[in-house]
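Printed here is structure_22.txt (compact mmCIF, C-alpha atoms (C1' of nucleotides)):
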```txt
# COMPACT_ATOMS: atom_id res chain seq x y z
CA MET A 479 -142.60 -115.56 114.45
CA ASP A 480 -143.23 -117.45 111.35
CA ARG A 481 -144.75 -115.95 108.31
CA GLU A 482 -146.91 -118.75 107.09
CA TRP A 483 -150.28 -120.20 107.76
CA ASN A 484 -151.64 -123.60 108.25
CA ASP A 485 -154.80 -124.54 106.42
CA SER A 486 -155.96 -126.72 109.26
CA GLN A 487 -156.96 -123.85 111.51
CA PRO A 488 -158.31 -120.34 111.10
CA ILE A 489 -155.67 -117.64 111.04
CA TYR A 490 -156.99 -115.83 114.07
CA ARG A 491 -156.59 -118.93 116.18
CA GLN A 492 -153.10 -119.57 114.90
CA LEU A 493 -152.33 -115.99 115.74
CA ARG A 494 -153.62 -116.50 119.24
CA ASP A 495 -151.54 -119.64 119.57
CA ARG A 496 -148.40 -117.85 118.51
CA VAL A 497 -148.79 -115.20 121.13
CA VAL A 498 -149.44 -117.92 123.68
CA ALA A 499 -146.22 -119.59 122.59
CA MET A 500 -144.35 -116.32 122.95
CA ILE A 501 -145.64 -115.92 126.48
CA LEU A 502 -144.79 -119.47 127.44
CA ASP A 503 -141.34 -119.12 125.94
CA GLY A 504 -140.76 -115.93 127.89
CA VAL A 505 -140.41 -113.85 124.78
CA LEU A 506 -143.32 -111.84 126.10
CA LYS A 507 -143.24 -111.26 129.83
CA GLU A 508 -145.81 -109.89 132.23
CA GLY A 509 -146.53 -106.28 131.42
CA ASP A 510 -145.00 -106.46 127.97
CA ALA A 511 -146.82 -105.02 125.02
CA LEU A 512 -147.93 -107.33 122.26
CA PRO A 513 -146.86 -106.46 118.74
CA SER A 514 -149.41 -103.91 117.60
CA VAL A 515 -152.45 -104.99 115.67
CA ARG A 516 -151.46 -102.84 112.74
CA ASN A 517 -147.87 -104.03 112.69
CA VAL A 518 -148.81 -107.65 112.75
CA ALA A 519 -151.42 -107.11 110.08
CA ALA A 520 -148.85 -105.43 107.88
CA GLU A 521 -146.03 -107.86 108.53
CA TYR A 522 -148.13 -110.93 107.90
CA ARG A 523 -150.19 -109.26 105.23
CA VAL A 524 -153.38 -110.10 106.97
CA ASN A 525 -156.43 -108.01 107.73
CA PRO A 526 -156.26 -105.96 110.96
CA LEU A 527 -159.64 -107.33 111.93
CA THR A 528 -158.28 -110.84 111.80
CA VAL A 529 -155.43 -109.90 114.10
CA LEU A 530 -157.81 -108.16 116.43
CA LYS A 531 -159.97 -111.23 116.58
CA GLY A 532 -157.02 -113.33 117.63
CA TYR A 533 -156.01 -110.80 120.23
CA GLN A 534 -159.54 -110.52 121.53
CA GLN A 535 -159.48 -114.20 122.33
CA LEU A 536 -156.56 -113.57 124.62
CA VAL A 537 -158.44 -110.74 126.27
CA ASP A 538 -161.42 -113.00 126.76
CA GLU A 539 -159.16 -115.60 128.33
CA GLY A 540 -157.91 -113.01 130.76
CA LEU A 541 -154.36 -113.25 129.51
CA VAL A 542 -154.06 -109.86 127.95
CA GLU A 543 -155.38 -106.42 128.65
CA SER A 544 -156.20 -103.85 126.05
CA LYS A 545 -155.44 -100.18 126.55
CA ARG A 546 -156.89 -97.97 123.91
CA GLY A 547 -154.32 -95.68 122.44
CA LEU A 548 -151.49 -97.61 124.05
CA GLY A 549 -151.59 -101.21 123.01
CA MET A 550 -152.30 -104.65 124.39
CA PHE A 551 -150.37 -105.93 127.37
CA VAL A 552 -149.62 -109.27 128.93
CA ASN A 553 -151.43 -109.52 132.23
CA VAL A 554 -149.69 -110.27 135.49
CA GLY A 555 -150.03 -113.97 136.16
CA ALA A 556 -150.66 -114.82 132.53
CA PRO A 557 -147.62 -117.08 132.08
CA LYS A 558 -148.43 -119.12 135.13
CA LEU A 559 -152.10 -119.37 134.26
CA LEU A 560 -151.22 -120.28 130.73
CA LEU A 561 -148.90 -123.07 131.72
CA LYS A 562 -151.62 -124.62 133.80
CA VAL A 563 -154.45 -124.22 131.33
CA GLU A 564 -152.51 -125.24 128.27
CA ARG A 565 -151.11 -128.29 129.99
CA GLN A 566 -154.58 -129.41 130.91
CA LYS A 567 -155.83 -128.79 127.43
CA PHE A 568 -152.95 -130.61 125.83
CA LEU A 569 -153.04 -133.65 128.08
CA GLY A 570 -156.79 -133.88 128.00
CA GLU A 571 -157.45 -133.31 124.34
CA GLU A 572 -154.56 -133.15 121.95
CA TRP A 573 -152.19 -135.74 123.34
CA PRO A 574 -154.71 -138.58 123.46
CA ARG A 575 -155.48 -137.98 119.80
CA VAL A 576 -151.85 -137.76 118.86
CA ARG A 577 -151.06 -140.84 120.82
CA ALA A 578 -153.78 -142.77 119.07
CA THR A 579 -152.33 -141.68 115.76
CA ILE A 580 -148.86 -142.78 116.80
CA GLU A 581 -150.12 -146.22 117.68
CA ARG A 582 -152.13 -146.46 114.53
CA LEU A 583 -149.06 -145.71 112.44
CA GLY A 584 -147.06 -148.33 114.27
CA LEU A 585 -144.69 -145.75 115.64
CA THR A 586 -143.43 -145.75 119.18
CA ALA A 587 -144.14 -142.80 121.42
CA THR A 588 -141.06 -143.51 123.47
CA GLU A 589 -138.80 -143.31 120.47
CA LEU A 590 -140.40 -140.14 119.28
CA LEU A 591 -140.06 -138.53 122.67
CA ASN A 592 -136.47 -139.57 123.19
CA GLY A 593 -134.97 -137.32 120.62
CA GLY A 594 -136.01 -139.49 117.76
CA ALA A 595 -136.88 -138.19 114.36
CA HIS A 596 -138.65 -134.89 114.29
CA SER A 597 -138.09 -133.28 110.99
CA ASN A 598 -138.53 -134.97 107.71
CA GLU A 599 -137.23 -138.41 108.16
CA GLU A 600 -138.86 -141.10 106.13
CA PRO A 601 -139.42 -144.26 108.06
CA SER A 602 -138.49 -147.09 105.77
CA LEU A 603 -141.84 -148.65 105.25
CA GLY A 604 -140.51 -152.14 105.32
CA ASP A 605 -139.08 -152.52 108.77
CA ALA A 606 -141.32 -153.43 111.62
CA PRO A 607 -141.36 -150.86 114.37
CA ALA A 608 -138.95 -151.85 117.10
CA LYS A 609 -141.42 -151.77 119.91
CA PRO A 610 -144.88 -150.55 119.12
CA VAL A 611 -146.71 -148.74 121.85
CA GLU A 612 -149.28 -151.02 123.39
CA SER A 613 -152.71 -149.70 122.96
CA ASP A 614 -154.32 -148.90 126.24
CA PRO A 615 -156.69 -151.67 127.28
CA ALA A 616 -158.76 -149.19 129.22
CA LYS A 617 -158.97 -146.91 126.24
CA LYS A 618 -162.27 -145.19 125.92
CA GLU A 619 -163.24 -143.71 122.62
CA ARG A 620 -165.15 -140.41 122.76
CA MET B 90 -167.10 -144.67 115.04
CA ASP B 91 -167.63 -141.75 117.27
CA ARG B 92 -170.62 -139.52 117.13
CA GLU B 93 -169.10 -136.16 117.83
CA TRP B 94 -167.23 -133.48 116.04
CA ASN B 95 -164.26 -131.42 116.75
CA ASP B 96 -164.47 -127.72 116.08
CA SER B 97 -160.85 -127.56 115.04
CA GLN B 98 -161.41 -129.16 111.66
CA PRO B 99 -164.15 -129.33 109.08
CA ILE B 100 -166.44 -132.31 109.40
CA TYR B 101 -165.65 -133.70 105.98
CA ARG B 102 -161.98 -133.88 106.86
CA GLN B 103 -162.69 -135.54 110.17
CA LEU B 104 -164.84 -137.99 108.31
CA ARG B 105 -162.03 -138.72 105.93
CA ASP B 106 -159.66 -139.19 108.86
CA ARG B 107 -161.98 -141.65 110.53
CA VAL B 108 -162.15 -143.83 107.48
CA VAL B 109 -158.39 -143.66 107.21
CA ALA B 110 -158.16 -144.77 110.82
CA MET B 111 -160.49 -147.66 110.12
CA ILE B 112 -158.34 -148.77 107.23
CA LEU B 113 -155.14 -148.51 109.23
CA ASP B 114 -156.72 -150.39 112.10
CA GLY B 115 -157.81 -153.14 109.77
CA VAL B 116 -161.47 -152.54 110.47
CA LEU B 117 -161.81 -151.92 106.77
CA LYS B 118 -159.78 -154.23 104.59
CA GLU B 119 -158.96 -154.16 100.92
CA GLY B 120 -162.11 -154.62 98.90
CA ASP B 121 -164.41 -153.83 101.79
CA ALA B 122 -167.29 -151.44 101.31
CA LEU B 123 -167.30 -148.21 103.25
CA PRO B 124 -170.38 -147.43 105.30
CA SER B 125 -172.80 -145.95 102.80
CA VAL B 126 -173.03 -142.21 102.34
CA ARG B 127 -176.66 -142.22 103.36
CA ASN B 128 -176.13 -144.37 106.42
CA VAL B 129 -173.31 -142.27 107.71
CA ALA B 130 -175.26 -139.11 107.04
CA ALA B 131 -178.20 -140.47 108.99
CA GLU B 132 -176.23 -141.95 111.85
CA TYR B 133 -174.16 -138.84 112.41
CA ARG B 134 -176.98 -136.52 111.52
CA VAL B 135 -174.95 -134.78 108.92
CA ASN B 136 -175.72 -133.78 105.38
CA PRO B 137 -175.11 -136.47 102.74
CA LEU B 138 -173.16 -133.95 100.73
CA THR B 139 -170.75 -133.49 103.60
CA VAL B 140 -170.16 -137.22 103.81
CA LEU B 141 -169.71 -137.41 100.08
CA LYS B 142 -167.14 -134.67 100.22
CA GLY B 143 -165.13 -136.58 102.79
CA TYR B 144 -165.37 -139.77 100.75
CA GLN B 145 -164.41 -137.95 97.59
CA GLN B 146 -161.16 -136.96 99.20
CA LEU B 147 -160.36 -140.62 99.64
CA VAL B 148 -161.20 -141.26 96.01
CA ASP B 149 -158.93 -138.41 94.98
CA GLU B 150 -156.17 -139.89 97.09
CA GLY B 151 -156.56 -143.19 95.26
CA LEU B 152 -157.54 -145.04 98.41
CA VAL B 153 -161.11 -145.76 97.58
CA GLU B 154 -163.10 -146.54 94.51
CA SER B 155 -166.66 -145.56 93.88
CA LYS B 156 -169.13 -147.85 92.19
CA ARG B 157 -172.39 -146.23 91.40
CA GLY B 158 -175.30 -148.23 92.66
CA LEU B 159 -173.03 -150.42 94.75
CA GLY B 160 -171.03 -148.36 97.14
CA MET B 161 -167.49 -147.21 97.79
CA PHE B 162 -164.73 -149.73 98.24
CA VAL B 163 -161.28 -149.80 99.73
CA ASN B 164 -158.73 -150.16 96.97
CA VAL B 165 -156.16 -152.89 96.86
CA GLY B 166 -152.95 -151.53 98.27
CA ALA B 167 -154.66 -148.78 100.19
CA PRO B 168 -153.55 -149.88 103.65
CA LYS B 169 -149.92 -150.09 102.65
CA LEU B 170 -150.00 -146.81 100.80
CA LEU B 171 -151.77 -145.20 103.68
CA LEU B 172 -149.25 -146.33 106.22
CA LYS B 173 -146.47 -144.81 104.19
CA VAL B 174 -148.18 -141.55 103.35
CA GLU B 175 -149.66 -140.94 106.77
CA ARG B 176 -146.36 -141.67 108.47
CA GLN B 177 -144.64 -139.15 106.30
CA LYS B 178 -147.30 -136.59 106.93
CA PHE B 179 -147.29 -137.15 110.65
CA LEU B 180 -143.54 -137.08 111.09
CA GLY B 181 -143.07 -134.17 108.75
CA GLU B 182 -145.89 -131.94 109.87
CA GLU B 183 -147.81 -132.87 112.96
CA TRP B 184 -145.16 -134.32 115.20
CA PRO B 185 -142.76 -131.37 115.01
CA ARG B 186 -145.57 -129.09 116.10
CA VAL B 187 -146.66 -131.42 118.88
CA ARG B 188 -143.13 -131.84 120.06
CA ALA B 189 -142.62 -128.10 120.20
CA THR B 190 -145.74 -127.83 122.31
CA ILE B 191 -144.55 -130.54 124.65
CA GLU B 192 -141.26 -128.79 125.18
CA ARG B 193 -142.95 -125.48 125.62
CA LEU B 194 -145.19 -126.91 128.32
CA GLY B 195 -142.27 -128.59 130.01
CA LEU B 196 -143.96 -131.96 130.00
CA THR B 197 -142.08 -135.12 130.84
CA ALA B 198 -141.95 -138.33 128.91
CA THR B 199 -143.17 -140.23 131.94
CA GLU B 200 -146.11 -137.94 132.31
CA LEU B 201 -147.04 -138.47 128.71
CA LEU B 202 -146.50 -142.21 128.59
CA ASN B 203 -147.86 -143.33 131.91
CA GLY B 204 -151.19 -141.67 131.65
CA GLY B 205 -153.48 -144.55 130.87
CA ALA B 206 -156.52 -142.63 131.94
CA HIS B 207 -154.77 -139.32 131.97
CA SER B 208 -157.76 -137.39 130.75
CA ASN B 209 -158.11 -134.48 133.10
CA GLU B 210 -155.22 -134.73 135.39
CA GLU B 211 -153.99 -131.47 136.69
CA PRO B 212 -150.25 -131.28 136.63
CA SER B 213 -149.45 -129.68 139.95
CA LEU B 214 -147.93 -126.51 138.73
CA GLY B 215 -145.51 -126.28 141.59
CA ASP B 216 -143.27 -129.29 141.21
CA ALA B 217 -140.37 -129.22 138.88
CA PRO B 218 -140.76 -131.63 135.98
CA ALA B 219 -138.89 -134.83 136.64
CA LYS B 220 -137.26 -135.05 133.29
CA PRO B 221 -138.44 -132.68 130.61
CA VAL B 222 -138.37 -133.93 127.07
CA GLU B 223 -135.05 -132.71 125.77
CA SER B 224 -135.06 -130.40 122.88
CA ASP B 225 -133.13 -131.79 120.01
CA PRO B 226 -129.46 -131.02 120.40
CA ALA B 227 -129.08 -130.90 116.65
CA LYS B 228 -131.83 -128.35 116.38
CA LYS B 229 -130.69 -125.31 114.55
CA GLU B 230 -131.72 -121.90 115.76
CA ARG B 231 -132.54 -119.35 113.10
C1' DT C 877 -151.61 -77.77 119.13
C1' DA C 878 -150.35 -81.27 115.62
C1' DC C 879 -148.88 -85.73 114.87
C1' DA C 880 -147.87 -90.47 114.96
C1' DG C 881 -148.60 -94.14 117.22
C1' DT C 882 -152.15 -97.22 119.62
C1' DG C 883 -157.12 -100.05 119.75
C1' DT C 884 -161.96 -100.12 117.76
C1' DT C 885 -166.02 -99.88 114.88
C1' DA C 886 -168.64 -99.59 110.47
C1' DT C 887 -169.79 -101.14 105.83
C1' DA C 888 -169.69 -104.33 102.52
C1' DG C 889 -168.11 -108.02 99.71
C1' DT C 890 -165.98 -113.08 98.80
C1' DT C 891 -165.28 -117.80 99.82
C1' DA C 892 -165.61 -122.29 102.19
C1' DA C 893 -168.29 -125.23 104.99
C1' DC C 894 -172.53 -126.90 105.97
C1' DT C 895 -177.40 -127.38 105.60
C1' DA C 896 -182.34 -128.92 103.59
C1' DT C 897 -184.84 -130.81 99.98
C1' DA C 898 -185.32 -133.07 95.92
C1' DA C 899 -184.40 -135.45 92.02
C1' DC C 900 -181.48 -138.39 88.97
C1' DA C 901 -178.89 -142.83 87.96
C1' DG C 902 -177.15 -147.40 88.54
C1' DT C 903 -177.29 -152.41 90.77
C1' DA C 904 -179.19 -156.52 92.86
C1' DA C 905 -182.72 -159.26 94.36
C1' DA C 906 -187.77 -160.38 95.21
C1' DT D 1374 -191.09 -155.02 87.03
C1' DT D 1375 -190.88 -153.41 91.50
C1' DT D 1376 -188.35 -152.46 95.52
C1' DA D 1377 -184.58 -151.11 98.08
C1' DC D 1378 -180.44 -150.25 98.35
C1' DT D 1379 -176.18 -147.70 96.35
C1' DG D 1380 -173.60 -142.97 94.50
C1' DT D 1381 -174.44 -138.28 92.31
C1' DT D 1382 -176.21 -133.82 90.92
C1' DA D 1383 -179.13 -129.60 91.31
C1' DT D 1384 -180.94 -125.60 93.78
C1' DA D 1385 -180.77 -122.59 97.29
C1' DG D 1386 -179.99 -120.76 101.79
C1' DT D 1387 -177.01 -119.85 106.38
C1' DT D 1388 -172.91 -119.04 108.86
C1' DA D 1389 -167.98 -118.31 109.85
C1' DA D 1390 -163.69 -116.68 108.23
C1' DC D 1391 -161.43 -113.44 105.81
C1' DT D 1392 -160.87 -109.42 103.04
C1' DA D 1393 -160.64 -104.04 101.62
C1' DT D 1394 -161.42 -99.49 102.87
C1' DA D 1395 -162.44 -96.04 105.89
C1' DA D 1396 -163.36 -93.69 109.82
C1' DC D 1397 -163.49 -93.02 114.90
C1' DA D 1398 -161.35 -92.76 119.69
C1' DC D 1399 -157.56 -92.47 122.70
C1' DT D 1400 -152.46 -91.51 124.39
C1' DG D 1401 -147.91 -89.71 124.57
C1' DT D 1402 -144.67 -86.65 122.61
C1' DA D 1403 -142.77 -82.92 119.76
```
Take the structure from the file and write it as structure tokens.
Amino acid sequence: MDREWNDSQPIYRQLRDRVVAMILDGVLKEGDALPSVRNVAAEYRVNPLTVLKGYQQLVDEGLVESKRGLGMFVNVGAPKLLLKVERQKFLGEEWPRVRATIERLGLTATELLNGGAHSNEEPSLGDAPAKPVESDPAKKER
Amino acid sequence: MDREWNDSQPIYRQLRDRVVAMILDGVLKEGDALPSVRNVAAEYRVNPLTVLKGYQQLVDEGLVESKRGLGMFVNVGAPKLLLKVERQKFLGEEWPRVRATIERLGLTATELLNGGAHSNEEPSLGDAPAKPVESDPAKKER
DNA sequence: TACAGTGTTATAGTTAACTATAACAGTAAA
DNA sequence: TTTACTGTTATAGTTAACTATAACACTGTA
């Protein structure tokens, strides 16, 4: 896990997202114990309550089960459920926004997806984008 | 403009982003007046101070100039500057995250690009992804 | 039993975001 | 001057996020 925080989202949600990522990546498998609240709090120098809040979200989502005195554990079926739910969420909410941004910046989604620049490449401002993504004619703003 | 807010970011930042989008899209050109603080506040049913805070960000970024009694105006050079800065920000910060998510969810380029009205399509969990977005071969593990 | 791990709750304080309400200040036009 | 727009500041209150510190409750093991 990474040790830094993003100012664009509350810590507890980022925490939740990181655990989700670990489950999706198979780092945490069904039945596995999550890193303990206290450990995480110490390692990231964050308040235990903040960690708990993030973890509680996962419990509320039915992904994780809490066993007092033992720890918190990845539920059976969580990875599968997660893949489904997160895909829906991404395709329905995040991707449309991102895609709009890409178009707005005159970048091409195809290029970006096909192993183009990820890291810190500066697009020379001058050159016209090779093949801008056509904006969707049926695009509905909402 | 849209009338709704996203819980993932403070309103004033979303407001700022919308104006940025309008500038990039050419809806607001150099020298144009932004929608007035009071109008926006009324239309979106938001506090004038919140709108002002969003607008102030733009002033601080050198994109907009404020003229008391007159309004706030898009600076000369703002669109060009914006394109450069926002591209850098997107490629350096947002895209890497988004890309990681895409890979994690095993989504395919076709799935992402062909969805005109992809809103709430459920990716049938069963079928193997046709051609997952490849992770960068040059990516360094650490 | 004692102990060292777990999760959980209680108390209380700080800060950022947002809100309502009101007033102040500058510009242009009737 | 009056009116109707602009941006701006002042005062004060609410809520969510985060923090520190401490205690409570449970489990497995020495």
Problem - Between C1' of DG881 (chain C) and CA of Val498 (chain A), distance in Å (one decimal) - result: 24.7 Å
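Distance-wise, CA of Leu560 (chain A) and CA of Arg193 (chain B) end up 11.0 Å apart.
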Please, which residues in chain A fall within 8 Å of chain D when counting all atoms listed in the file, and what is the closest atom pair and distance in Å to one decimal for each, ordered by chain then residue number, as a tab-separated table?
```
residue	atom	partner	partner_atom	distance
A:Pro488	CA	D:DA1390	C1'	7.1
A:Asn525	CA	D:DT1392	C1'	6.6
A:Thr528	CA	D:DC1391	C1'	7.3
A:Arg546	CA	D:DC1399	C1'	5.7
A:Gly547	CA	D:DC1399	C1'	4.6
A:Leu548	CA	D:DT1400	C1'	6.2
```
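The spacing separating CA of Arg176 (chain B) from CA of Ile580 (chain A) amounts to 8.8 Å.
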Practice task
Output as a PyMOL selection string the set of chain C residues within 10 Å of chain B, with distances taken over all atoms listed in the file.
Solution key: chain C and resi 892-896+901-904
Exercise for the section: Determine the nearest neighbour of chain A from the options B:Val153, B:Ile112, B:Leu123, B:Ala130, counting only C-alpha atoms. Expected result: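 Smallest distance to chain A is found for B:Ile112.
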Please give the centre and size of the box around region 1380-1398 of chain D (axis-aligned, containing every atom listed in the file, 3 Å added per side), with values in Å to one decimal and written as JSON.
```
{"center_x": -170.8, "center_y": -117.9, "center_z": 105.3, "size_x": 26.3, "size_y": 56.2, "size_z": 34.8}
```
Practice task
Would you mind telling me which residue in B:Asn164, B:Gln146, B:Ser155, B:Gln177 lies nearest to chain A when using all atoms listed in the file?
Solution key: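 Distance minimum relative to chain A lands on B:Gln177.
Minimum distance to chain B across A:Arg575, A:Arg496, A:Lys507, A:Lys562 (counting all atoms listed in the file) occurs at A:Lys562.
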Practice task
Name the closest residue to chain B among the candidates A:Asp503, A:Glu589, A:Glu543, A:Asp510; distances are taken between atoms, counting only C-alpha atoms.
Solution key: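 When distances to chain B are compared using only C-alpha atoms, the smallest one comes from A:Asp503.
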Fix up region 545-556 of chain A with N, CA and C atoms, then write it as a short mmCIF file (atom, residue, chain, number, x, y, z; two decimals), in the coordinates of the input.
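Saved to part22.cif:
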```cif
data_model
loop_
_atom_site.label_atom_id
_atom_site.label_comp_id
_atom_site.auth_asym_id
_atom_site.auth_seq_id
_atom_site.Cartn_x
_atom_site.Cartn_y
_atom_site.Cartn_z
N LYS A 545 -155.37 -101.59 126.16
CA LYS A 545 -155.44 -100.18 126.55
C LYS A 545 -155.49 -99.32 125.31
N ARG A 546 -156.65 -98.77 125.11
CA ARG A 546 -156.89 -97.97 123.91
C ARG A 546 -155.86 -96.84 123.80
N GLY A 547 -155.31 -96.73 122.65
CA GLY A 547 -154.32 -95.68 122.44
C GLY A 547 -152.92 -96.09 122.84
N LEU A 548 -152.81 -97.18 123.57
CA LEU A 548 -151.49 -97.61 124.05
C LEU A 548 -151.05 -98.94 123.46
N GLY A 549 -151.96 -99.90 123.51
CA GLY A 549 -151.59 -101.21 123.01
C GLY A 549 -152.22 -102.31 123.83
N MET A 550 -151.77 -103.54 123.61
CA MET A 550 -152.30 -104.65 124.39
C MET A 550 -151.15 -105.22 125.20
N PHE A 551 -151.44 -105.56 126.45
CA PHE A 551 -150.37 -105.93 127.37
C PHE A 551 -150.62 -107.26 128.06
N VAL A 552 -149.54 -107.99 128.24
CA VAL A 552 -149.62 -109.27 128.93
C VAL A 552 -149.96 -109.04 130.40
N ASN A 553 -151.01 -109.68 130.84
CA ASN A 553 -151.43 -109.52 132.23
C ASN A 553 -150.46 -110.16 133.22
N VAL A 554 -150.45 -109.64 134.42
CA VAL A 554 -149.69 -110.27 135.49
C VAL A 554 -150.33 -111.63 135.78
N GLY A 555 -149.52 -112.63 135.87
CA GLY A 555 -150.03 -113.97 136.16
C GLY A 555 -150.35 -114.78 134.92
N ALA A 556 -150.30 -114.12 133.77
CA ALA A 556 -150.66 -114.82 132.53
C ALA A 556 -149.78 -116.04 132.26
#
```
